[in-house]
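Visitor: Hey, dropping input_27.txt in here, compact mmCIF, C-alpha atoms and all ligand atoms:
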```txt
# COMPACT_ATOMS: atom_id res chain seq x y z
CA MET A 25 114.86 97.77 141.32
CA LEU A 26 116.79 94.51 141.57
CA LYS A 27 115.44 91.07 140.65
CA VAL A 28 117.04 87.71 141.28
CA CYS A 29 115.86 85.07 138.79
CA LYS A 30 116.32 81.35 139.20
CA PHE A 31 115.75 79.15 136.15
CA GLY A 32 114.98 75.47 136.72
CA GLY A 33 116.23 72.48 134.75
CA SER A 34 113.44 72.45 132.17
CA SER A 35 114.05 76.17 131.48
CA VAL A 36 117.64 75.45 130.42
CA ALA A 37 117.16 71.99 128.91
CA GLY A 38 118.33 72.91 125.40
CA ALA A 39 119.23 75.73 122.99
CA GLU A 40 115.63 76.78 122.43
CA GLN A 41 115.06 77.14 126.17
CA PHE A 42 118.32 79.11 126.49
CA ARG A 43 116.89 81.61 123.98
CA LYS A 44 113.71 81.98 126.03
CA VAL A 45 115.76 82.62 129.16
CA ARG A 46 117.81 85.26 127.39
CA ASP A 47 114.67 87.03 126.14
CA ILE A 48 113.24 87.03 129.66
CA VAL A 49 116.42 88.22 131.37
CA LEU A 50 117.34 90.89 128.86
CA SER A 51 113.78 92.25 128.63
CA ASP A 52 114.11 93.68 132.13
CA GLU A 53 117.11 95.75 133.20
CA SER A 54 116.58 94.83 136.84
CA ARG A 55 117.15 91.09 136.30
CA ARG A 56 120.79 91.31 137.31
CA VAL A 57 121.32 88.12 139.31
CA VAL A 58 120.58 84.81 137.58
CA VAL A 59 120.76 81.39 139.25
CA ILE A 60 120.87 78.37 136.97
CA SER A 61 119.99 74.67 137.44
CA ALA A 62 121.54 71.86 135.42
CA ALA A 63 119.94 71.17 132.03
CA GLY A 64 116.82 69.07 132.63
CA LYS A 65 114.57 67.00 130.40
CA ARG A 66 113.70 68.28 126.91
CA PHE A 67 110.99 65.66 126.40
CA GLY A 68 109.26 62.83 128.32
CA ASP A 69 111.96 60.17 128.49
CA ASP A 70 114.96 62.47 128.18
CA HIS A 71 117.47 62.57 131.07
CA LYS A 72 118.40 65.31 133.49
CA LEU A 73 122.12 66.09 133.57
CA THR A 74 122.02 65.66 137.34
CA ASP A 75 120.69 62.11 137.03
CA LEU A 76 123.33 61.24 134.41
CA LEU A 77 126.05 62.61 136.66
CA TYR A 78 124.84 60.56 139.64
CA LEU A 79 124.97 57.56 137.33
CA ILE A 80 128.55 58.38 136.36
CA HIS A 81 129.49 58.38 140.02
CA ALA A 82 127.80 55.00 140.55
CA HIS A 83 129.67 53.53 137.56
CA LEU A 84 133.00 54.82 138.86
CA THR A 85 132.31 53.41 142.31
CA TYR A 86 131.70 49.94 140.92
CA GLY A 87 134.53 50.13 138.40
CA VAL A 88 132.24 50.04 135.35
CA SER A 89 133.10 52.23 132.36
CA CYS A 90 131.14 55.49 132.33
CA ASP A 91 132.43 56.67 128.94
CA GLU A 92 129.09 56.38 127.23
CA ILE A 93 127.17 58.39 129.83
CA LEU A 94 129.92 60.96 129.94
CA LYS A 95 129.65 61.30 126.18
CA THR A 96 125.88 61.90 126.51
CA VAL A 97 126.59 64.69 129.02
CA GLU A 98 129.26 66.21 126.78
CA ASP A 99 127.01 66.02 123.72
CA ARG A 100 124.14 67.78 125.48
CA LEU A 101 126.38 70.66 126.55
CA THR A 102 128.30 70.94 123.28
CA ALA A 103 125.05 70.93 121.28
CA ILE A 104 123.83 73.98 123.22
CA ARG A 105 127.15 75.74 122.75
CA ASP A 106 127.31 74.99 119.01
CA GLU A 107 123.72 75.87 118.22
CA LEU A 108 123.93 79.19 120.02
CA ASP A 109 127.54 79.87 119.10
CA ILE A 110 128.47 80.57 122.71
CA PRO A 111 132.09 81.67 123.10
CA VAL A 112 133.11 79.21 125.85
CA ASP A 113 135.73 76.53 125.35
CA ILE A 114 133.55 73.93 126.99
CA ALA A 115 135.33 71.03 125.24
CA ALA A 116 138.63 71.76 127.02
CA GLU A 117 136.88 72.03 130.39
CA LEU A 118 134.92 68.83 129.81
CA ALA A 119 138.12 67.02 128.83
CA ALA A 120 139.82 68.22 132.02
CA PHE A 121 136.79 67.05 134.04
CA HIS A 122 136.99 63.67 132.30
CA ARG A 123 140.69 63.31 133.15
CA ARG A 124 140.06 64.15 136.81
CA LEU A 125 137.48 61.40 137.26
CA SER A 126 138.44 58.40 139.32
CA LYS A 127 136.69 56.09 141.72
CA ASP A 128 137.68 58.46 144.52
CA THR A 129 136.01 61.51 142.99
CA SER A 130 133.17 62.48 145.31
CA ALA A 131 129.55 62.32 144.13
CA ASP A 132 129.16 65.99 145.08
CA GLU A 133 132.04 67.07 142.89
CA ILE A 134 130.72 65.13 139.90
CA VAL A 135 127.07 66.05 140.29
CA SER A 136 127.76 69.76 140.83
CA ARG A 137 129.20 69.93 137.29
CA GLY A 138 125.67 69.86 135.85
CA GLU A 139 124.95 73.29 137.30
CA TYR A 140 128.52 74.47 136.75
CA PHE A 141 128.63 73.80 133.00
CA THR A 142 125.05 74.89 132.31
CA ALA A 143 125.66 78.16 134.15
CA ARG A 144 129.00 78.72 132.38
CA LEU A 145 127.20 78.51 129.05
CA MET A 146 124.33 80.70 130.19
CA ALA A 147 126.62 83.42 131.59
CA ALA A 148 128.47 83.73 128.29
CA PHE A 149 125.20 83.62 126.33
CA LEU A 150 123.73 86.46 128.41
CA GLY A 151 126.97 88.43 128.54
CA TYR A 152 126.89 88.26 132.37
CA ALA A 153 129.84 87.46 134.65
CA PHE A 154 130.05 83.83 135.78
CA VAL A 155 130.48 83.54 139.54
CA ASP A 156 131.22 79.99 140.66
CA ALA A 157 129.08 78.83 143.59
CA ALA A 158 132.33 77.44 145.06
CA ASP A 159 133.40 81.07 145.50
CA CYS A 160 130.19 82.49 146.90
CA VAL A 161 128.08 79.78 148.59
CA PHE A 162 129.71 78.49 151.76
CA PHE A 163 128.83 75.73 154.20
CA GLY A 164 130.01 75.56 157.79
CA LEU A 165 131.74 72.60 159.42
CA ASP A 166 128.35 71.18 160.44
CA GLY A 167 127.33 71.04 156.76
CA GLY A 168 124.75 73.82 157.23
CA LEU A 169 124.93 77.00 155.20
CA ASP A 170 127.20 79.75 156.47
CA ARG A 171 124.77 82.52 155.67
CA GLU A 172 126.92 85.41 156.79
CA THR A 173 129.93 84.56 154.62
CA THR A 174 127.68 83.58 151.73
CA ASP A 175 125.66 86.81 151.90
CA ALA A 176 128.81 88.90 151.89
CA ALA A 177 130.40 86.99 148.99
CA ILE A 178 127.32 87.18 146.75
CA ALA A 179 126.76 90.86 147.50
CA GLU A 180 130.41 91.56 146.76
CA ALA A 181 130.30 89.65 143.45
CA LEU A 182 127.27 91.64 142.32
CA GLU A 183 128.91 94.89 143.35
CA ARG A 184 132.05 94.00 141.41
CA HIS A 185 130.47 92.68 138.20
CA GLY A 186 127.05 94.35 138.02
CA ARG A 187 125.35 91.37 136.34
CA ILE A 188 126.06 87.84 137.45
CA VAL A 189 125.14 84.20 136.83
CA ILE A 190 125.57 81.73 139.71
CA PRO A 191 125.18 77.95 139.36
CA GLY A 192 122.61 76.61 141.84
CA PHE A 193 122.61 73.51 144.03
CA TYR A 194 126.15 73.48 145.41
CA GLY A 195 128.72 75.35 147.44
CA GLN A 196 132.01 74.91 149.23
CA LEU A 197 132.80 73.31 152.59
CA PRO A 198 135.48 74.78 154.88
CA THR A 199 137.76 71.92 153.76
CA GLY A 200 137.60 73.25 150.20
CA ARG A 201 135.52 70.30 149.01
CA LEU A 202 132.26 70.83 147.18
CA ARG A 203 128.93 69.93 148.67
CA VAL A 204 125.58 69.64 146.91
CA MET A 205 122.27 70.45 148.56
CA SER A 206 119.16 68.26 148.52
CA ARG A 207 117.57 67.61 145.12
CA GLY A 208 115.97 70.74 143.72
CA GLY A 209 118.50 72.76 145.73
CA SER A 210 118.89 75.50 143.12
CA ASP A 211 115.67 76.94 144.56
CA ILE A 212 117.59 77.38 147.81
CA THR A 213 120.56 79.02 146.08
CA GLY A 214 118.11 81.41 144.38
CA ALA A 215 116.48 82.35 147.66
CA ILE A 216 119.84 82.80 149.39
CA ALA A 217 121.08 85.03 146.56
CA ALA A 218 117.88 87.11 146.68
CA ALA A 219 118.29 87.59 150.42
CA ALA A 220 122.03 88.33 150.09
CA VAL A 221 121.56 91.20 147.64
CA ASN A 222 118.32 92.33 149.27
CA ALA A 223 116.40 91.90 146.02
CA ASP A 224 113.05 93.58 145.47
CA ILE A 225 111.73 90.28 144.19
CA TYR A 226 112.85 86.68 143.77
CA GLU A 227 111.57 85.20 140.52
CA ASN A 228 111.55 81.42 140.33
CA TRP A 229 111.13 80.47 136.64
CA THR A 230 109.84 76.99 135.94
CA ASP A 231 107.54 75.19 133.49
CA VAL A 232 104.16 75.91 135.06
CA SER A 233 102.36 79.24 135.37
CA GLY A 234 102.48 79.24 139.14
CA ILE A 235 101.10 77.13 141.95
CA LEU A 236 97.82 75.49 141.01
CA MET A 237 94.76 75.57 143.29
CA ALA A 238 94.55 71.78 143.27
CA ASP A 239 96.43 68.74 141.99
CA PRO A 240 96.07 68.72 138.17
CA ARG A 241 96.12 64.90 138.18
CA ILE A 242 92.81 65.03 140.05
CA VAL A 243 91.15 68.27 138.93
CA ASP A 244 90.96 69.16 135.24
CA ASN A 245 92.81 72.35 134.50
CA PRO A 246 92.90 73.86 137.99
CA ALA A 247 93.33 77.63 138.11
CA PRO A 248 96.70 79.00 139.16
CA ILE A 249 96.86 80.85 142.47
CA GLU A 250 97.52 84.55 141.86
CA LYS A 251 98.58 85.51 145.34
CA ILE A 252 99.32 83.42 148.40
CA THR A 253 100.91 84.18 151.74
CA PHE A 254 103.95 82.32 153.00
CA ALA A 255 101.79 80.92 155.82
CA GLU A 256 99.22 79.52 153.37
CA LEU A 257 101.99 78.04 151.25
CA ARG A 258 103.30 76.26 154.31
CA GLU A 259 99.88 74.77 155.02
CA LEU A 260 99.59 73.52 151.44
CA ALA A 261 103.09 72.05 151.51
CA TYR A 262 102.36 70.38 154.86
CA MET A 263 99.24 68.80 153.42
CA GLY A 264 101.20 67.37 150.53
CA ALA A 265 101.01 69.89 147.68
CA SER A 266 104.18 69.77 145.62
CA VAL A 267 105.24 73.35 146.13
CA LEU A 268 108.55 74.94 147.13
CA HIS A 269 109.80 73.51 150.36
CA GLU A 270 110.55 75.43 153.52
CA GLU A 271 114.30 75.74 153.04
CA SER A 272 113.89 77.42 149.67
CA VAL A 273 111.41 79.95 150.99
CA GLN A 274 112.84 80.85 154.41
CA PRO A 275 115.70 83.16 153.28
CA VAL A 276 113.35 85.43 151.30
CA LYS A 277 110.50 85.14 153.76
CA GLU A 278 112.64 86.35 156.65
CA ARG A 279 113.73 89.41 154.66
CA GLY A 280 110.21 90.19 153.43
CA ILE A 281 111.13 89.62 149.77
CA PRO A 282 108.18 88.51 147.61
CA LEU A 283 108.62 85.34 145.60
CA ASN A 284 107.11 85.11 142.13
CA ILE A 285 106.75 81.72 140.43
CA ARG A 286 106.77 82.18 136.65
CA ASN A 287 106.62 80.06 133.51
CA THR A 288 109.60 80.30 131.13
CA ASN A 289 107.40 78.99 128.32
CA ARG A 290 104.66 81.56 128.96
CA PRO A 291 106.44 84.65 130.25
CA GLU A 292 103.30 86.73 129.67
CA ASP A 293 101.52 84.86 132.50
CA PRO A 294 101.81 86.63 135.87
CA GLY A 295 102.38 83.37 137.77
CA THR A 296 101.92 83.10 141.53
CA MET A 297 103.07 85.81 143.89
CA ILE A 298 104.01 84.62 147.38
CA VAL A 299 103.97 87.42 149.93
CA GLU A 300 104.06 87.96 153.67
CA SER A 301 100.58 89.45 153.83
CA VAL A 302 97.81 90.61 151.52
CA SER A 303 96.07 93.91 152.21
CA GLU A 304 92.30 94.04 152.56
CA ASP A 305 91.68 95.75 149.20
CA GLU A 306 93.87 93.28 147.32
CA GLN A 307 91.83 90.30 148.47
CA THR A 308 90.29 88.12 145.81
CA GLU A 309 86.69 87.00 145.78
CA ARG A 310 87.75 83.43 146.50
CA PHE A 311 87.24 81.98 149.97
CA ILE A 312 89.84 79.35 149.38
CA THR A 313 93.39 79.76 148.13
CA GLY A 314 94.17 76.13 147.50
CA ILE A 315 93.22 72.54 148.21
CA ALA A 316 95.65 69.77 149.10
CA GLY A 317 95.68 66.46 150.85
CA ARG A 318 97.25 63.07 151.37
CA LYS A 319 96.02 59.53 151.69
CA ASN A 320 96.85 56.76 154.14
CA PHE A 321 96.49 58.06 157.65
CA THR A 322 95.51 56.16 160.79
CA ILE A 323 93.29 57.67 163.46
CA VAL A 324 93.62 56.36 166.99
CA THR A 325 90.73 57.52 169.17
CA VAL A 326 90.89 57.26 172.95
CA TYR A 327 87.62 57.33 174.93
CA LYS A 328 87.39 57.80 178.69
CA HIS A 329 84.43 59.08 180.61
CA ALA A 330 85.18 62.34 182.47
CA MET A 331 88.87 62.10 181.77
CA LYS A 332 91.34 64.79 182.68
CA LEU A 333 92.00 65.69 179.07
CA SER A 334 95.28 67.56 179.44
CA HIS A 335 96.76 64.72 181.45
CA SER A 336 95.68 61.82 179.22
CA LEU A 337 96.47 63.68 176.01
CA ARG A 338 99.96 64.54 177.24
CA GLN A 339 100.58 60.92 178.17
CA ALA A 340 99.40 59.71 174.76
CA LEU A 341 101.54 62.28 172.94
CA GLU A 342 104.58 61.27 174.96
CA ILE A 343 104.03 57.67 173.90
CA TYR A 344 103.87 58.67 170.22
CA ASP A 345 106.98 60.72 170.72
CA ARG A 346 108.82 57.85 172.31
CA PHE A 347 108.07 55.69 169.29
CA ASP A 348 109.12 58.57 167.03
CA VAL A 349 105.74 58.68 165.31
CA PRO A 350 104.54 62.17 164.35
CA VAL A 351 101.00 63.21 165.22
CA GLU A 352 99.85 65.43 162.37
CA HIS A 353 96.36 66.34 163.60
CA ILE A 354 94.55 66.17 166.92
CA THR A 355 90.83 66.44 167.50
CA LEU A 356 89.20 66.69 170.89
CA GLY A 357 85.82 65.64 172.25
CA LEU A 358 84.32 65.90 175.71
CA ASP A 359 85.29 62.35 176.62
CA SER A 360 87.71 61.52 173.85
CA PHE A 361 90.61 62.61 171.73
CA ALA A 362 91.83 61.37 168.36
CA LEU A 363 95.38 61.37 167.03
CA VAL A 364 96.06 61.26 163.30
CA SER A 365 99.35 59.88 161.94
CA PRO A 366 100.67 58.64 158.59
CA THR A 367 100.03 54.88 158.48
CA ALA A 368 103.39 54.10 156.88
CA VAL A 369 105.32 55.80 159.68
CA LEU A 370 103.13 54.27 162.36
CA GLY A 371 103.76 50.78 160.98
CA ASP A 372 103.65 47.96 163.50
CA ALA A 373 104.47 50.38 166.32
CA VAL A 374 100.73 51.04 166.47
CA TYR A 375 100.18 47.88 168.55
CA ASP A 376 102.80 48.85 171.10
CA ILE A 377 101.50 52.40 171.16
CA ILE A 378 97.96 51.26 171.87
CA ALA A 379 99.18 48.86 174.54
CA GLU A 380 101.06 51.72 176.21
CA ILE A 381 98.06 54.02 175.99
CA LYS A 382 95.91 51.34 177.62
CA LYS A 383 98.45 50.90 180.38
CA ASN A 384 99.06 54.60 181.05
CA CYS A 385 95.76 56.32 180.28
CA ARG A 386 93.42 53.53 181.42
CA PRO A 387 90.81 54.42 178.78
CA ASP A 388 87.30 52.94 178.49
CA GLU A 389 88.03 52.16 174.87
CA VAL A 390 90.59 52.73 172.11
CA ASP A 391 89.48 52.70 168.51
CA ILE A 392 91.71 52.50 165.45
CA ARG A 393 90.67 53.48 161.95
CA GLU A 394 92.93 53.08 158.91
CA ASN A 395 92.68 54.10 155.24
CA ILE A 396 91.92 57.69 156.05
CA ALA A 397 92.73 60.58 153.73
CA MET A 398 93.22 64.08 155.08
CA VAL A 399 92.08 66.93 152.83
CA SER A 400 92.65 70.60 153.59
CA ALA A 401 91.01 73.69 152.21
CA VAL A 402 93.53 76.48 152.80
CA GLY A 403 92.65 80.15 152.71
CA ARG A 404 93.49 83.31 154.61
CA LYS A 405 89.98 84.64 153.96
CA MET A 406 88.27 81.85 155.82
CA SER A 407 88.78 83.41 159.22
CA SER A 408 86.87 86.56 158.29
CA GLN A 409 84.00 84.82 156.53
CA PRO A 410 81.32 83.20 158.60
CA GLY A 411 79.81 80.03 157.23
CA VAL A 412 82.73 78.78 155.16
CA SER A 413 83.09 75.55 157.10
CA GLY A 414 79.33 75.00 156.90
CA ARG A 415 79.44 75.33 153.12
CA LEU A 416 82.41 73.03 152.95
CA PHE A 417 80.79 70.27 155.01
CA ARG A 418 77.53 70.61 153.08
CA ALA A 419 79.32 70.33 149.73
CA LEU A 420 80.98 67.11 150.86
CA GLY A 421 77.79 65.77 152.48
CA ASP A 422 75.71 66.45 149.36
CA GLU A 423 78.08 64.19 147.44
CA GLY A 424 77.83 61.39 149.99
CA ILE A 425 81.31 61.94 151.41
CA ASN A 426 81.37 60.93 155.04
CA ILE A 427 83.59 63.06 157.26
CA ARG A 428 85.41 61.00 159.88
CA THR A 429 87.23 63.80 161.61
CA ILE A 430 87.53 67.56 161.44
CA ALA A 431 90.51 69.70 162.38
CA GLN A 432 90.75 73.46 162.14
CA GLY A 433 93.94 75.23 163.14
CA SER A 434 93.49 78.00 165.67
CA ASP A 435 94.84 80.48 163.11
CA GLU A 436 91.85 79.52 160.92
CA LEU A 437 94.04 79.27 157.86
CA ALA A 438 92.87 75.79 156.94
CA ILE A 439 89.98 73.44 157.51
CA THR A 440 91.05 69.82 157.38
CA VAL A 441 88.75 66.83 157.11
CA GLY A 442 89.50 63.13 157.42
CA ILE A 443 87.58 60.97 154.96
CA GLU A 444 87.86 57.44 153.54
CA ASN A 445 90.85 56.96 151.22
CA GLU A 446 88.60 55.87 148.38
CA GLN A 447 86.69 59.15 148.45
CA TYR A 448 89.85 61.26 148.33
CA GLU A 449 89.82 62.24 144.66
CA LYS A 450 86.09 62.90 144.70
CA ALA A 451 86.43 65.13 147.79
CA ILE A 452 89.13 67.23 146.13
CA ARG A 453 87.00 67.64 143.01
CA VAL A 454 83.89 68.55 145.03
CA LEU A 455 85.77 71.16 147.06
CA TYR A 456 87.35 72.60 143.95
CA SER A 457 84.09 72.92 142.05
CA SER A 458 82.22 74.34 145.05
CA PHE A 459 84.82 76.92 145.97
CA ALA A 460 87.05 77.62 143.04
CA GLY A 461 85.52 76.51 139.76
N1 LIG B 1 119.91 69.80 139.35
C1 LIG B 1 119.51 69.52 140.68
C2 LIG B 1 118.41 68.50 140.69
O1 LIG B 1 118.06 67.96 139.65
C3 LIG B 1 119.17 70.74 141.46
C4 LIG B 1 118.08 71.58 140.87
O2 LIG B 1 117.67 71.39 139.74
O3 LIG B 1 117.61 72.47 141.56
O4 LIG B 1 117.87 68.22 141.72
```
What is this structure when it is put down as structure tokens?
Guide:
Amino acid sequence: MLKVCKFGGSSVAGAEQFRKVRDIVLSDESRRVVVISAAGKRFGDDHKLTDLLYLIHAHLTYGVSCDEILKTVEDRLTAIRDELDIPVDIAAELAAFHRRLSKDTSADEIVSRGEYFTARLMAAFLGYAFVDAADCVFFGLDGGLDRETTDAAIAEALERHGRIVIPGFYGQLPTGRLRVMSRGGSDITGAIAAAAVNADIYENWTDVSGILMADPRIVDNPAPIEKITFAELRELAYMGASVLHEESVQPVKERGIPLNIRNTNRPEDPGTMIVESVSEDEQTERFITGIAGRKNFTIVTVYKHAMKLSHSLRQALEIYDRFDVPVEHITLGLDSFALVSPTAVLGDAVYDIIAEIKKNCRPDEVDIRENIAMVSAVGRKMSSQPGVSGRLFRALGDEGINIRTIAQGSDELAITVGIENEQYEKAIRVLYSSFAG
């Protein structure tokens, strides 16, 4: 058994969190590959190392002294080392880093040091070998990951050392320069490492006990999702749930490695298991896996008596495409079709788009409706259960929520309704209490 564990910024924010990570890692022999983020916030208005490092770069660029911020970074790291008595001469390395800084130092080089130093400390604290991401995560000339070289380097490092810690978030370009990924990129490094060593499981340790069934800012204490498929996760992410994004899931998904989201502060909680498929006898009682949604959509509805649907729809979609406006949902009627897009992206282009539709499709009427929220109930069980959509519409109707549009994917993984923006929160609460509470 081999587990790859990634610990996020809040899991390594200070000495106390370091201890929790050590307890978790050393309690299971199979946790042999550890990926570490930069120290994050310890409390509400604390700073993430990554943010401080970006600030250092901005100061250098504009020729303003960054000594004070640098001192804050150094103090954070030295405090962890001192409190835990970690045998790493971090002061010498920090001093060398300080000397190297100039207005020409790249943001990537500076910002990557958050992960580098935090991982250096963690490796020594765990007694694991430190493997620099510069030596095992490689980008190609196009800036994309060079998976083949990366896979081989990580697998070789594990083979050589047995137990390794890798800093997340950055890697090396063919030019030898460092490059950081998008924010939150340590999740990607974790997934790449799990795929590279063909792990039995990829554990992503954070500060919540898994993915919640609904947004906790709207629903009180939503239950965590025990098991979810990659496809359901994608639907939830698409609808706006703040869950792992595609790039940090793909490497494990394509190798069939399950991903377990766990809470460093409550390691006894099972968290959420993300898997390719769930067998019939493992199914839960729940019809719905999760609920997500977003506000501020615009629906453009095109009416034309006895239209040739495929023709008019294609023309309309081409127009949207030309204006680079995504169509996120489509609903069809006998003599009409409706296209749903985010209002902010549509912007003023909506007038030109409608003018073009009028010119090309020659409709009887075009109707535009703004301030629409789209809410999705996502669940793999829905396809096998008759009557779920009926229950869902009734629950919303009973609470006086008027449904403006309905979209159900042909894979029956989600039912999506368009409602008024102002009823968004209420709709999420109604769906949660009818299906999950
Ligand atoms: N430290 C980086 C960030 O704050 C990367 C990460 O935490 O995954 O975005």
Visitor: Closest to A:Arg338 among A:Ser458, A:Thr102, A:Thr129, A:Asn384, using all atoms listed in the file?
Guide: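 Checking each candidate against A:Arg338, we get A:Asn384 as the closest.
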Visitor: Neighbouring residues of ligand LIG 1 (chain B) are defined here as those with any atom at most 6 Å from a ligand atom, counting all atoms listed in the file; list them as a PyMOL selection string.
Guide: chain A and resi 32-33+61-62+74+193+207-211
Visitor: Provide the atom CA of A:Phe347 to atom CA of A:Ile430 distance in Å, to one decimal place.
Guide: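 Atom-to-atom, atom CA of A:Phe347 and atom CA of A:Ile430 are spaced 25.0 Å apart.
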Visitor: Can you measure atom CA of A:Asp156 to atom CA of A:Val232 for me? One decimal in Å is fine.
Guide: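 Value for the atom CA of A:Asp156-atom CA of A:Val232 distance: 27.9 Å.
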Visitor: So which one's closest to A:Ile377, A:Arg241, A:Arg100, A:His81, A:Arg346? Using only C-alpha atoms, please.
Guide: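 Closest residue, counting only C-alpha atoms: A:Arg346.
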Visitor: What does the distance between atom CA of A:Arg386 and atom CA of A:Ile427 come to in Å, to one decimal place?
Guide: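 Atom-to-atom, atom CA of A:Arg386 to atom CA of A:Ile427, that is 27.8 Å.
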Visitor: Let me have the centre and edge lengths in Å, one decimal, of the box along x, y and z around every listed atom of stretch 31-49 of chain A with 8 Å of margin on each side, as AutoDock Vina command-line options.
Guide:
```
--center_x 116.2 --center_y 80.1 --center_z 129.6 --size_x 22.0 --size_y 32.2 --size_z 30.3
```
Visitor: Name all residues at most 10 Å from A:Thr325 (count only C-alpha atoms; drop same-chain ones fewer than 5 positions away) and give them as a list in words.
Guide: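 The residues satisfying every condition are Ile354, Thr355, Leu356, Gly357, Ser360, Phe361, Ala362, Leu363, Val364, Ile378, Glu389, Val390, Asp391, Ile392 and Arg393 of chain A.
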Visitor: Excluding A:Met146 and any residue of its chain fewer than 2 positions from it, enumerate the residues within 12 Å of it, using only C-alpha atoms, and give them as number ranges by chain.
Guide: A: 31, 35-39, 41-46, 49, 58-63, 101, 104-105, 108-112, 114, 139-144, 148-155, 188-191
Visitor: Rebuild stretch 83-88 of chain A so that it carries all heavy atoms, then output the result as a compact mmCIF listing (two decimals), in the coordinates of the input.
Guide:
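Dumped everything to out_33.txt:
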```txt
# COMPACT_ATOMS: atom_id res chain seq x y z
N HIS A 83 128.83 54.37 138.43
CA HIS A 83 129.67 53.53 137.56
C HIS A 83 131.12 53.52 138.05
O HIS A 83 131.76 52.48 138.13
CB HIS A 83 129.62 54.02 136.11
CG HIS A 83 128.41 53.52 135.36
ND1 HIS A 83 127.14 53.85 135.72
CD2 HIS A 83 128.30 52.71 134.27
CE1 HIS A 83 126.28 53.26 134.89
NE2 HIS A 83 126.96 52.57 134.00
N LEU A 84 131.61 54.72 138.39
CA LEU A 84 133.00 54.82 138.86
C LEU A 84 133.19 54.01 140.14
O LEU A 84 134.17 53.29 140.31
CB LEU A 84 133.37 56.27 139.12
CG LEU A 84 133.57 57.15 137.87
CD1 LEU A 84 133.63 58.62 138.27
CD2 LEU A 84 134.83 56.75 137.12
N THR A 85 132.22 54.12 141.03
CA THR A 85 132.31 53.41 142.31
C THR A 85 132.45 51.91 142.10
O THR A 85 133.20 51.23 142.80
CB THR A 85 131.05 53.69 143.16
OG1 THR A 85 130.88 55.09 143.21
CG2 THR A 85 131.19 53.15 144.57
N TYR A 86 131.68 51.39 141.13
CA TYR A 86 131.70 49.94 140.92
C TYR A 86 132.68 49.51 139.82
O TYR A 86 132.67 48.37 139.38
CB TYR A 86 130.27 49.44 140.60
CG TYR A 86 129.36 49.59 141.79
CD1 TYR A 86 128.40 50.58 141.83
CD2 TYR A 86 129.52 48.76 142.91
CE1 TYR A 86 127.59 50.74 142.95
CE2 TYR A 86 128.71 48.92 144.03
CZ TYR A 86 127.75 49.90 144.04
OH TYR A 86 126.96 50.06 145.14
N GLY A 87 133.50 50.47 139.38
CA GLY A 87 134.53 50.13 138.40
C GLY A 87 133.99 49.76 137.02
O GLY A 87 134.61 48.99 136.28
N VAL A 88 132.81 50.30 136.68
CA VAL A 88 132.24 50.04 135.35
C VAL A 88 132.50 51.28 134.49
O VAL A 88 132.43 52.41 134.99
CB VAL A 88 130.71 49.81 135.47
CG1 VAL A 88 130.09 49.50 134.11
CG2 VAL A 88 130.42 48.71 136.47
```
